[in-house]
Structures are given as C-alpha cells and as structure tokens.
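Coordinates from final05.csv are shown below (CSV, C-alpha atoms).
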chain,number,residue,atom,x,y,z
A,223,MET,CA,75.1,131.1,103.8
A,224,ARG,CA,78.6,130.0,104.4
A,225,VAL,CA,79.7,126.6,103.1
A,226,SER,CA,82.2,125.1,105.4
A,227,TYR,CA,85.5,123.7,104.1
A,228,GLU,CA,84.4,120.4,105.4
A,229,THR,CA,81.4,120.5,103.2
A,230,ILE,CA,83.4,121.6,100.2
A,231,GLY,CA,85.9,118.9,101.0
A,232,ASN,CA,83.2,116.3,100.8
A,233,TYR,CA,82.6,117.0,97.1
A,234,MET,CA,85.4,119.3,96.1
A,235,PHE,CA,89.0,119.5,97.0
A,236,LYS,CA,90.7,118.4,100.2
A,237,LYS,CA,93.4,120.9,101.2
A,238,GLU,CA,96.0,118.1,101.3
A,239,ASN,CA,95.2,117.4,97.6
A,240,ILE,CA,96.2,120.9,96.5
A,241,LEU,CA,99.6,122.3,95.8
A,242,THR,CA,100.3,125.8,94.5
A,243,LYS,CA,103.3,127.3,92.6
A,244,VAL,CA,104.8,123.9,91.9
A,245,LYS,CA,107.9,123.4,89.8
A,246,ALA,CA,107.4,121.0,86.9
A,247,GLY,CA,109.7,120.8,83.8
A,248,ASN,CA,107.0,119.5,81.4
A,249,TRP,CA,103.4,118.2,81.2
A,250,THR,CA,104.2,114.6,82.1
A,251,GLU,CA,106.0,115.8,85.3
A,252,ALA,CA,103.1,118.0,86.1
A,253,ILE,CA,100.6,115.1,85.8
A,254,ARG,CA,102.9,112.9,87.9
A,255,ILE,CA,102.9,115.5,90.7
A,256,ALA,CA,99.1,115.7,90.6
A,257,GLY,CA,98.8,112.0,90.5
A,258,GLY,CA,101.2,111.7,93.4
A,259,LEU,CA,98.7,113.7,95.5
A,260,LEU,CA,96.0,111.2,94.7
A,261,GLU,CA,98.4,108.3,95.5
A,262,SER,CA,99.3,109.9,98.9
A,263,SER,CA,95.6,110.2,99.7
A,264,GLY,CA,95.2,106.5,99.1
A,265,SER,CA,92.8,107.1,96.2
A,266,ILE,CA,94.8,105.5,93.3
A,267,THR,CA,97.7,103.3,92.6
A,268,SER,CA,100.7,104.6,90.7
A,269,LYS,CA,99.4,102.7,87.6
A,270,TYR,CA,96.6,105.2,87.4
A,271,THR,CA,99.1,108.0,87.2
A,272,ASP,CA,100.8,106.3,84.3
A,273,ALA,CA,97.4,105.8,82.7
A,274,MET,CA,96.6,109.5,82.9
A,275,ILE,CA,99.8,110.3,81.0
A,276,ASP,CA,99.1,107.6,78.4
A,277,ALA,CA,95.6,109.0,78.0
A,278,VAL,CA,96.9,112.4,76.9
A,279,LYS,CA,99.3,110.6,74.5
A,280,GLU,CA,96.6,108.3,73.1
A,281,MET,CA,93.5,110.5,73.1
A,282,GLY,CA,95.1,113.8,72.2
A,283,PRO,CA,95.5,116.9,74.2
A,284,TYR,CA,91.8,117.9,74.1
A,285,MET,CA,92.1,117.4,77.9
A,286,VAL,CA,93.4,120.9,78.0
A,287,ILE,CA,89.8,122.0,78.0
A,288,LEU,CA,90.1,125.6,79.2
A,289,PRO,CA,92.9,128.2,78.5
A,290,HIS,CA,95.7,127.4,80.9
A,291,PHE,CA,93.8,124.4,82.4
A,292,ALA,CA,94.1,120.6,81.9
A,293,LEU,CA,91.8,118.0,83.2
A,294,ALA,CA,94.0,114.9,83.7
A,295,HIS,CA,92.3,111.6,84.1
A,296,ALA,CA,92.1,108.0,82.9
A,297,ALA,CA,89.3,105.5,82.5
A,298,PRO,CA,87.7,104.2,85.7
A,299,SER,CA,89.5,101.0,86.7
A,300,LYS,CA,90.6,98.9,89.6
A,301,GLU,CA,93.6,101.2,90.0
A,302,VAL,CA,91.1,103.7,91.5
A,303,LEU,CA,90.5,103.0,95.2
A,304,LYS,CA,88.1,105.9,95.7
A,305,ASP,CA,86.7,108.9,93.8
A,306,ASP,CA,88.9,111.9,94.4
A,307,PHE,CA,90.3,115.1,92.9
A,308,ALA,CA,93.7,116.8,93.2
A,309,LEU,CA,94.7,120.3,91.9
A,310,ILE,CA,98.1,121.8,91.3
A,311,THR,CA,99.1,125.1,90.0
A,312,LEU,CA,102.5,125.7,88.4
A,313,GLU,CA,105.1,128.4,89.0
A,314,GLU,CA,106.1,128.2,85.4
A,315,PRO,CA,103.6,126.8,82.8
A,316,VAL,CA,104.0,123.6,80.8
A,317,LEU,CA,103.1,123.1,77.1
A,318,PHE,CA,100.8,120.4,75.7
A,319,GLY,CA,101.1,121.7,72.1
A,320,VAL,CA,97.5,123.0,72.0
A,321,PRO,CA,95.8,126.4,71.5
A,322,ASN,CA,94.9,126.5,75.2
A,323,ASP,CA,98.6,126.5,76.1
A,324,PRO,CA,100.5,127.5,78.3
A,325,VAL,CA,99.0,125.3,81.1
A,326,TYR,CA,99.3,126.5,84.7
A,327,ILE,CA,96.6,124.4,86.3
A,328,ILE,CA,96.3,120.6,86.4
A,329,LEU,CA,93.1,119.0,87.8
A,330,ALA,CA,93.6,115.3,88.2
A,331,LEU,CA,90.5,113.2,88.6
A,332,CYS,CA,90.0,109.6,89.5
A,333,ALA,CA,86.6,107.8,89.5
A,334,LYS,CA,85.7,104.3,90.5
A,335,ASP,CA,83.0,104.2,87.8
A,336,GLY,CA,81.7,106.5,85.2
A,337,LYS,CA,78.9,108.1,87.2
A,338,SER,CA,79.6,108.5,90.9
A,339,HIS,CA,81.8,111.5,90.7
A,340,MET,CA,79.7,113.4,88.2
A,341,ASP,CA,77.9,115.7,90.6
A,342,SER,CA,81.2,116.8,92.2
A,343,LEU,CA,82.8,117.3,88.8
A,344,ALA,CA,79.8,119.3,87.7
A,345,LYS,CA,80.2,121.7,90.6
A,346,ILE,CA,83.9,122.0,90.0
A,347,ALA,CA,83.2,122.6,86.3
A,348,LYS,CA,80.8,125.4,87.2
A,349,VAL,CA,83.4,127.1,89.4
A,350,LEU,CA,86.1,126.8,86.7
A,351,MET,CA,83.9,128.2,84.0
A,352,GLU,CA,83.3,131.4,85.9
A,353,GLU,CA,85.1,134.1,84.1
A,354,ASN,CA,87.9,134.9,86.6
A,355,THR,CA,88.4,131.6,88.4
A,356,ILE,CA,91.4,130.4,86.3
A,357,GLN,CA,93.3,133.6,86.6
A,358,GLU,CA,92.6,133.8,90.4
A,359,MET,CA,93.8,130.2,90.8
A,360,ILE,CA,97.0,130.9,88.8
A,361,ASP,CA,97.7,133.8,91.1
A,362,ALA,CA,96.9,131.9,94.3
A,363,LYS,CA,99.9,131.4,96.6
A,364,THR,CA,98.5,128.8,99.0
A,365,PRO,CA,96.1,125.8,99.0
A,366,GLN,CA,93.9,127.8,101.3
A,367,GLU,CA,93.6,130.5,98.7
A,368,ILE,CA,92.5,127.9,96.2
A,369,LEU,CA,89.8,126.8,98.6
A,370,ASP,CA,88.7,130.4,99.2
A,371,ILE,CA,88.4,131.0,95.4
A,372,THR,CA,86.4,127.8,95.0
A,373,GLU,CA,84.1,128.7,97.9
A,374,LYS,CA,83.5,132.2,96.6
A,375,HIS,CA,82.5,131.0,93.2
A,376,LEU,CA,80.3,128.2,94.5
A,377,LEU,CA,78.0,130.6,96.4
B,223,MET,CA,58.6,114.2,68.1
B,224,ASP,CA,60.4,112.5,71.0
B,225,LYS,CA,62.8,114.6,73.0
B,226,ILE,CA,66.1,114.9,71.1
B,227,LYS,CA,69.0,113.1,72.7
B,228,ILE,CA,72.5,114.5,72.4
B,229,GLN,CA,75.6,112.5,73.4
B,230,THR,CA,78.7,114.4,74.4
B,231,VAL,CA,81.8,112.3,73.9
B,232,CYS,CA,85.3,112.3,75.3
B,233,GLY,CA,87.9,109.6,75.8
B,234,PHE,CA,86.3,108.0,78.9
B,235,GLY,CA,82.9,109.6,79.1
B,236,CYS,CA,83.5,111.0,82.6
B,237,GLY,CA,85.6,114.1,82.3
B,238,SER,CA,85.6,116.7,79.6
B,239,SER,CA,82.4,115.4,78.1
B,240,LEU,CA,80.7,116.7,81.2
B,241,PHE,CA,82.1,120.2,80.6
B,242,LEU,CA,80.8,120.0,77.0
B,243,ARG,CA,77.4,118.7,78.2
B,244,MET,CA,77.1,121.7,80.6
B,245,LYS,CA,78.0,124.1,77.8
B,246,ILE,CA,75.4,122.6,75.5
B,247,GLU,CA,72.8,122.6,78.3
B,248,GLU,CA,73.5,126.3,78.8
B,249,VAL,CA,72.9,127.0,75.1
B,250,LEU,CA,69.7,124.9,75.1
B,251,LYS,CA,68.4,126.7,78.1
B,252,GLU,CA,69.1,130.1,76.6
B,253,ASN,CA,67.2,129.1,73.4
B,254,ASN,CA,64.3,127.4,75.2
B,255,ILE,CA,65.1,124.1,73.6
B,256,LYS,CA,64.3,120.9,75.6
B,257,ALA,CA,66.6,118.0,74.9
B,258,ASP,CA,68.5,115.3,76.9
B,259,VAL,CA,72.2,115.7,76.9
B,260,PHE,CA,74.3,112.8,78.3
B,261,CYS,CA,78.0,111.8,78.4
B,262,GLY,CA,79.6,109.0,76.6
B,263,ASP,CA,83.0,107.6,75.8
B,264,VAL,CA,84.6,107.2,72.4
B,265,GLY,CA,84.7,103.4,72.7
B,266,THR,CA,81.0,102.8,73.2
B,267,CYS,CA,79.3,106.0,71.9
B,268,LEU,CA,78.2,104.4,68.6
B,269,SER,CA,76.1,101.8,70.4
B,270,GLN,CA,74.3,104.3,72.6
B,271,PRO,CA,70.9,105.4,71.2
B,272,CYS,CA,71.0,109.2,70.5
B,273,ASP,CA,70.2,111.7,67.8
B,274,ALA,CA,73.6,113.4,67.6
B,275,ILE,CA,77.1,112.9,68.9
B,276,PHE,CA,79.1,116.0,69.8
B,277,ILE,CA,82.8,114.9,70.1
B,278,SER,CA,86.2,116.6,70.4
B,279,LYS,CA,88.0,117.1,67.2
B,280,ASP,CA,90.9,115.0,68.5
B,281,LEU,CA,88.7,112.0,68.7
B,282,TYR,CA,86.5,112.6,65.7
B,283,SER,CA,88.5,110.4,63.3
B,284,ARG,CA,87.9,107.4,65.5
B,285,ILE,CA,84.2,107.3,64.7
B,286,GLU,CA,84.1,109.3,61.4
B,287,GLY,CA,81.9,107.6,58.8
B,288,ARG,CA,80.7,104.9,61.2
B,289,ALA,CA,77.9,106.7,63.1
B,290,LYS,CA,74.3,106.4,62.0
B,291,VAL,CA,73.5,109.8,63.6
B,292,THR,CA,74.8,113.3,63.0
B,293,VAL,CA,78.3,113.7,64.4
B,294,VAL,CA,79.5,117.2,65.3
B,295,PRO,CA,83.2,117.7,65.9
B,296,ILE,CA,84.0,120.4,68.4
B,297,ASP,CA,87.4,122.2,68.3
B,298,ASN,CA,87.1,123.8,71.7
B,299,PHE,CA,84.6,122.4,74.3
B,300,MET,CA,84.6,125.6,76.2
B,301,ASP,CA,84.1,128.0,73.3
B,302,LYS,CA,80.6,129.1,73.9
B,303,ASN,CA,80.3,130.6,70.4
B,304,GLU,CA,81.4,127.4,68.7
B,305,VAL,CA,79.2,125.2,70.9
B,306,ALA,CA,76.2,127.5,70.4
B,307,THR,CA,76.6,127.8,66.7
B,308,LYS,CA,77.0,124.1,66.1
B,309,THR,CA,74.2,123.2,68.5
B,310,MET,CA,71.8,125.6,66.9
B,311,ASP,CA,72.9,124.4,63.4
B,312,PHE,CA,72.0,120.9,64.4
B,313,PHE,CA,68.6,121.9,65.7
B,314,ASN,CA,67.8,124.1,62.7
B,315,GLY,CA,68.8,121.1,60.5
B,316,ILE,CA,66.4,118.8,62.2
B,317,ASN,CA,63.5,121.3,61.9
B,318,LYS,CA,64.0,121.4,58.2
B,319,GLU,CA,63.5,117.7,57.8

Render the structure in this file as structure tokens.
Amino acid sequence: MRVSYETIGNYMFKKENILTKVKAGNWTEAIRIAGGLLESSGSITSKYTDAMIDAVKEMGPYMVILPHFALAHAAPSKEVLKDDFALITLEEPVLFGVPNDPVYIILALCAKDGKSHMDSLAKIAKVLMEENTIQEMIDAKTPQEILDITEKHLL
Amino acid sequence: MDKIKIQTVCGFGCGSSLFLRMKIEEVLKENNIKADVFCGDVGTCLSQPCDAIFISKDLYSRIEGRAKVTVVPIDNFMDKNEVATKTMDFFNGINKE
C-alpha cells in the first residue's frame, strides 16, 4: 500500500516545513531556523521559538535524544496556534556539548496541549529509531528526499 | 498485584519522554512483561501515581530525594542496552520484595 504524501502530511511533515543542508553557525541559530518554519506555517508565535532555546538552556541538552539528532520543543502554551512539526538538516553540524554531538538534524515540535500530538510524534519516533533513518536524512539533498525516507520507513 | 505503572519524564512530558516510553515498551514486550508506561513532565511527575519514574539524568537532580517511588536516572533515552538493563533491574527488584 502506498501512503500518499497528503496522508503523511496530515500526521507527519509538510514539505514546506522541511529544509535540507541549511547553514547554521551554532545550535541556537539552528533552532531559530526550525522555529522560523513553524512561524511561517502560522503554527507558533516567535515567543515559542525563544522558549525552545530557553528550554535547552534550562532543562539541559538531553533533548539531543539520538546521535546527531535534537528534538527541540517547549511546553505547550498559548504561543502555539496549532500542533505542528518542522525538520531541518544542516550542511555543517552544530554542537550542544553532549555525547550525541555533532547534531545534523533538528526536529522542532509544537503542541497545543500535552496529548494531541502524541500519535504523530510516536510515528515520527518510530521512523527515527529505525537503524538507517538518521544517516539517510543527513544525506538527503531535498525536502522531497526527507519525505521519501519517512514514507519508506513508515511502511 | 496491580499492573505496574512506569512514568517516563522529560521537561514537558510531551517530547523525549515519549521516545523513552516507546523504548521501555519495546523492552517490556520482548520480556513478556505487562505494565503501563505513561509520559510525565518534571514539574508534576511527583504528584502522578506510579510505581517508578524513569527520568533523564539531566533532570534527575530536580526530583532527587523527593520521590516516594523508585527513581531511575537514564543517561541516554535511546540506548536500548541501558534502558533494557535498568528496566529489568527495576522489575527484578520488585519481584524480590
């Protein structure tokens, strides 16, 4: 069975929320770029992007949950207008000062409440935890390739 | 014995704690253990009824010594070996009681 991109888009990534081979000088800049995609999609206000950066500073960099991969997010709040995800890959990695450095992929997540996005995030988590996904995403040259990788691992 | 409840905890209870929950569920399934695993946030996890709290090492100090249940700090949420060992240690510990 083929899952259409429209279907994936409903619970996964929208193509316009993906950027590949982005240039970012450090981790804060990288999170700002990912947050910027969510802002452009009308999913968050810029305050949420600030909150994602503060969260890493306050809570610690455990958010780099997989080698080369950071899950950026802040608490559900009124700065979130709708549940959404954005994903960027970096041309040159950034460092968070953790064993899972260097980080090439940032997944930014925003949720209106603690529960509504859980099913989508579980699907994304399942895809990411497949053995080759991270490396394939790092190598991807276009947002379409990211969607193809996601689709392949979902099935 | 009632079903054991494990709370996985991250900063906000809606991101990395889900990844940890899925890893623990994987381990439980492989070992034929039935338990409930649910996500929580560091701010409210102490008031949620559960039998154990699995929490990232970064956040452990925030609740250290204040929990009434077993608290298991995890270095790397995605390290299957670490999660499996600590999960099984917890369950083996309960069975001895």

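In this model, the gap between CA of Ile275 (chain B) and CA of Cys261 (chain B) comes to 9.6 Å.
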
To one decimal place, how far is CA of Lys256 (chain B) from CA of Thr355 (chain A) in Å?
->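 CA of Thr355 (chain A) lies 29.3 Å from CA of Lys256 (chain B).
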
Looking at A:Pro315, A:Gly264, A:Pro283, A:Pro365, which one is nearest to chain B, with distances taken over only C-alpha atoms?
->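 Between A:Pro315, A:Gly264, A:Pro283, A:Pro365, the residue approaching chain B most closely is A:Pro283.
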
Mind giving me the straight-line distance from CA of Glu247 (chain B) to CA of Lys279 (chain A) in Å, one decimal?
->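 One can read the CA of Glu247 (chain B) to CA of Lys279 (chain A) distance as 29.3 Å.
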
Expected residue set, 10 Å radius at (80.8, 112.0, 73.5), all atoms listed in the file, as a ChimeraX atom specification | /B:228-236,238-240,242-243,259-268,274-278,281-282,293-295

Go ahead and save the residues from that selection, with C-alpha atoms, as a PDB file, keeping the file's coordinate frame.
ATOM      1  CA  ILE B 228      72.500 114.500  72.400  1.00  0.00           C
ATOM      2  CA  GLN B 229      75.600 112.500  73.400  1.00  0.00           C
ATOM      3  CA  THR B 230      78.700 114.400  74.400  1.00  0.00           C
ATOM      4  CA  VAL B 231      81.800 112.300  73.900  1.00  0.00           C
ATOM      5  CA  CYS B 232      85.300 112.300  75.300  1.00  0.00           C
ATOM      6  CA  GLY B 233      87.900 109.600  75.800  1.00  0.00           C
ATOM      7  CA  PHE B 234      86.300 108.000  78.900  1.00  0.00           C
ATOM      8  CA  GLY B 235      82.900 109.600  79.100  1.00  0.00           C
ATOM      9  CA  CYS B 236      83.500 111.000  82.600  1.00  0.00           C
ATOM     10  CA  SER B 238      85.600 116.700  79.600  1.00  0.00           C
ATOM     11  CA  SER B 239      82.400 115.400  78.100  1.00  0.00           C
ATOM     12  CA  LEU B 240      80.700 116.700  81.200  1.00  0.00           C
ATOM     13  CA  LEU B 242      80.800 120.000  77.000  1.00  0.00           C
ATOM     14  CA  ARG B 243      77.400 118.700  78.200  1.00  0.00           C
ATOM     15  CA  VAL B 259      72.200 115.700  76.900  1.00  0.00           C
ATOM     16  CA  PHE B 260      74.300 112.800  78.300  1.00  0.00           C
ATOM     17  CA  CYS B 261      78.000 111.800  78.400  1.00  0.00           C
ATOM     18  CA  GLY B 262      79.600 109.000  76.600  1.00  0.00           C
ATOM     19  CA  ASP B 263      83.000 107.600  75.800  1.00  0.00           C
ATOM     20  CA  VAL B 264      84.600 107.200  72.400  1.00  0.00           C
ATOM     21  CA  GLY B 265      84.700 103.400  72.700  1.00  0.00           C
ATOM     22  CA  THR B 266      81.000 102.800  73.200  1.00  0.00           C
ATOM     23  CA  CYS B 267      79.300 106.000  71.900  1.00  0.00           C
ATOM     24  CA  LEU B 268      78.200 104.400  68.600  1.00  0.00           C
ATOM     25  CA  ALA B 274      73.600 113.400  67.600  1.00  0.00           C
ATOM     26  CA  ILE B 275      77.100 112.900  68.900  1.00  0.00           C
ATOM     27  CA  PHE B 276      79.100 116.000  69.800  1.00  0.00           C
ATOM     28  CA  ILE B 277      82.800 114.900  70.100  1.00  0.00           C
ATOM     29  CA  SER B 278      86.200 116.600  70.400  1.00  0.00           C
ATOM     30  CA  LEU B 281      88.700 112.000  68.700  1.00  0.00           C
ATOM     31  CA  TYR B 282      86.500 112.600  65.700  1.00  0.00           C
ATOM     32  CA  VAL B 293      78.300 113.700  64.400  1.00  0.00           C
ATOM     33  CA  VAL B 294      79.500 117.200  65.300  1.00  0.00           C
ATOM     34  CA  PRO B 295      83.200 117.700  65.900  1.00  0.00           C
TER      35      PRO B 295
END

Specify as a list in words all residues of chain A found within 8 Å of chain B, counting only C-alpha atoms.
->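 Output check: Met281, Gly282, Pro283, Tyr284, Met285, Ile287, Leu288, Leu293, His295, Ala296, Ala297, Pro298, Gly336, Lys337, Met340, Leu343, Ala344 and Ala347 of chain A.
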
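Nearest to Thr242 (chain A) of all the residues A:Asp370, A:Glu313, A:Glu358, A:Glu301 is A:Glu313, counting all atoms listed in the file.
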
Which residues are near Tyr326 (chain A)? Cut-off 7 Å, all atoms listed in the file, ignore same chain within fewer than 4 positions. Put them as a PDB file with C-alpha atoms, keeping the file's coordinate frame.
ATOM      1  CA  HIS A 290      95.700 127.400  80.900  1.00  0.00           C
ATOM      2  CA  PHE A 291      93.800 124.400  82.400  1.00  0.00           C
ATOM      3  CA  THR A 311      99.100 125.100  90.000  1.00  0.00           C
ATOM      4  CA  LEU A 312     102.500 125.700  88.400  1.00  0.00           C
ATOM      5  CA  PRO A 315     103.600 126.800  82.800  1.00  0.00           C
ATOM      6  CA  VAL A 316     104.000 123.600  80.800  1.00  0.00           C
ATOM      7  CA  ILE A 360      97.000 130.900  88.800  1.00  0.00           C
TER       8      ILE A 360
END

One residue among B:Ile246, B:Asn314, B:Ile226, B:Asn253 is nearest to Lys302 (chain B) when using all atoms listed in the file, and that residue is B:Ile246

Fewer than 4 positions away in the same chain doesn't count, so skip those; otherwise give me all residues within 6 Å of Lys227 (chain B), counting all atoms listed in the file, as a ChimeraX atom specification.
-> /B:257-259,272-273

Closest of B:Asn317, B:Glu248, B:Lys290, B:Asp224 to Asn303 (chain B) - atom-to-atom distances counting all atoms listed in the file =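 Nearest candidate to Asn303 (chain B) out of B:Asn317, B:Glu248, B:Lys290, B:Asp224: B:Glu248.
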